[in-house]
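See structure below.
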Amino acid sequence: MNCFCSGHIAIASREFYGPDFDVSAQQSDKTPDVVVHGGARSFKQEIVVGKHSLVGDEPVSAGGGDAGPDPYDYLLAALGVCTSMTVGLYARRKQIPLENITVSLRHSRIYAKDCEECETEEGMLDRIEAEVELTGALSEEQRDKLMEIAAKCPVHRTLTSEINIRLSPAQKSSSA
């Protein structure tokens, strides 16, 4: 499932945001959404997302050069950005007096046996803790609804659903 946060609209987003939500932003299967390129001698990676250039790396403590966020930082950022955008969009559409949204996230690994609400009972699990701060003259009912909406952002739905990732070798280019 793609997220409107990255320039794409999931089918579920149209249902969630309404029939007037613009789905024309979806790209062809031929054009990649993100291209990542790096040398084999370091962890540093160049990331191109449309017209945006980013850098990924590992911290020095993990053998990297700390030139940019690590992969889990980007994962947390995607979830935080999508959560904030989704809550803000909902508040605007419903004319809820929300002023600011702050999403603070943390990733950790925990033992499955220490997670009462988890289905997995053995081994280690990834845990993402997301704290959502909402400011504005909000009633308890509005605050509760916005928190409910926060858990429905497309990236959250993707991360909590079955994900099918298909790896394949790149087609060789004709240039040598």
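If you're wondering about the labels, chains in the structure tokens are A, B, ... by order shown, residues count from 1 in each chain, ligands from 1 in order shown.
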Could you go through region 11-176 of chain A and tell me which residues DSSP, when run on the backbone, assigns to strand (DSSP E or B), listing them as a PyMOL selection string?
chain A and resi 35-37+45-49+52-56+98-111+124-136
Need the shell around Asp70 (chain A): protein/DNA/RNA residues with any atom at most 12 Å away, counting only C-alpha atoms. Skip same-chain ones fewer than 4 positions apart. Format as a PyMOL selection string?
chain A and resi 43-47+54-66+74-77+107
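Put simply, CA of Ala170 (chain A) is 11.9 Å away from CA of Pro32 (chain A).
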Output as a tab-separated table one row per residue of region 46-92 of chain A within 9 Å of region 129-147 of chain A: the closest atom pair and its distance in Å to one decimal place, counting only C-alpha atoms, sorted by chain and residue number ascending.
```
residue	atom	partner	partner_atom	distance
A:Leu76	CA	A:Ala130	CA	8.9
A:Leu79	CA	A:Ala130	CA	8.8
A:Gly80	CA	A:Ala130	CA	7.8
A:Thr83	CA	A:Val132	CA	8.7
A:Ser84	CA	A:Val132	CA	8.4
A:Val87	CA	A:Leu146	CA	6.0
A:Gly88	CA	A:Leu146	CA	8.8
A:Tyr90	CA	A:Leu146	CA	7.7
A:Ala91	CA	A:Leu146	CA	7.5
```
Could you write out the selected residues, including N, CA and C atoms, as a PDB file, in the first residue's frame?
```pdb
ATOM      1  N   LEU A  76      10.828   5.612  11.035  1.00  0.00           N
ATOM      2  CA  LEU A  76      10.100   6.373  12.055  1.00  0.00           C
ATOM      3  C   LEU A  76       9.626   7.715  11.505  1.00  0.00           C
ATOM      4  N   LEU A  79       6.501   7.237   9.388  1.00  0.00           N
ATOM      5  CA  LEU A  79       5.320   7.047  10.223  1.00  0.00           C
ATOM      6  C   LEU A  79       4.908   8.355  10.901  1.00  0.00           C
ATOM      7  N   GLY A  80       5.870   9.101  11.417  1.00  0.00           N
ATOM      8  CA  GLY A  80       5.555  10.365  12.089  1.00  0.00           C
ATOM      9  C   GLY A  80       4.972  11.401  11.148  1.00  0.00           C
ATOM     10  N   THR A  83       1.430  10.275  10.141  1.00  0.00           N
ATOM     11  CA  THR A  83       0.515  10.440  11.267  1.00  0.00           C
ATOM     12  C   THR A  83       0.118  11.903  11.418  1.00  0.00           C
ATOM     13  N   SER A  84       1.103  12.790  11.406  1.00  0.00           N
ATOM     14  CA  SER A  84       0.839  14.212  11.569  1.00  0.00           C
ATOM     15  C   SER A  84      -0.003  14.767  10.421  1.00  0.00           C
ATOM     16  N   VAL A  87      -3.703  13.437  10.729  1.00  0.00           N
ATOM     17  CA  VAL A  87      -4.439  14.120  11.801  1.00  0.00           C
ATOM     18  C   VAL A  87      -4.758  15.550  11.389  1.00  0.00           C
ATOM     19  N   GLY A  88      -3.773  16.248  10.823  1.00  0.00           N
ATOM     20  CA  GLY A  88      -4.000  17.632  10.391  1.00  0.00           C
ATOM     21  C   GLY A  88      -5.061  17.739   9.314  1.00  0.00           C
ATOM     22  N   TYR A  90      -7.546  15.643   8.697  1.00  0.00           N
ATOM     23  CA  TYR A  90      -8.842  15.345   9.296  1.00  0.00           C
ATOM     24  C   TYR A  90      -9.362  16.557  10.079  1.00  0.00           C
ATOM     25  N   ALA A  91      -8.486  17.171  10.868  1.00  0.00           N
ATOM     26  CA  ALA A  91      -8.887  18.337  11.668  1.00  0.00           C
ATOM     27  C   ALA A  91      -9.340  19.495  10.762  1.00  0.00           C
TER      28      ALA A  91
END
```
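Our summary of the geometry notes that CA of Ile101 (chain A) is positioned 28.0 Å from CA of Ile163 (chain A).
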Please, what distance in Å, to one decimal, runs between CA of Val48 (chain A) and CA of Leu167 (chain A)?
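Answer for the CA of Val48 (chain A) to CA of Leu167 (chain A) separation: 19.0 Å.
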A:His37, A:Glu117, A:Ile96, A:Thr86: which is nearest Arg157 (chain A), counting only C-alpha atoms?
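When distances to Arg157 (chain A) are compared using only C-alpha atoms, the smallest one comes from A:Thr86.
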DSSP on the backbone, helix (DSSP H, G or I) only: what residues of region 27-106 of chain A does that give? Format it as a ChimeraX atom specification.
/A:60-62,71-93
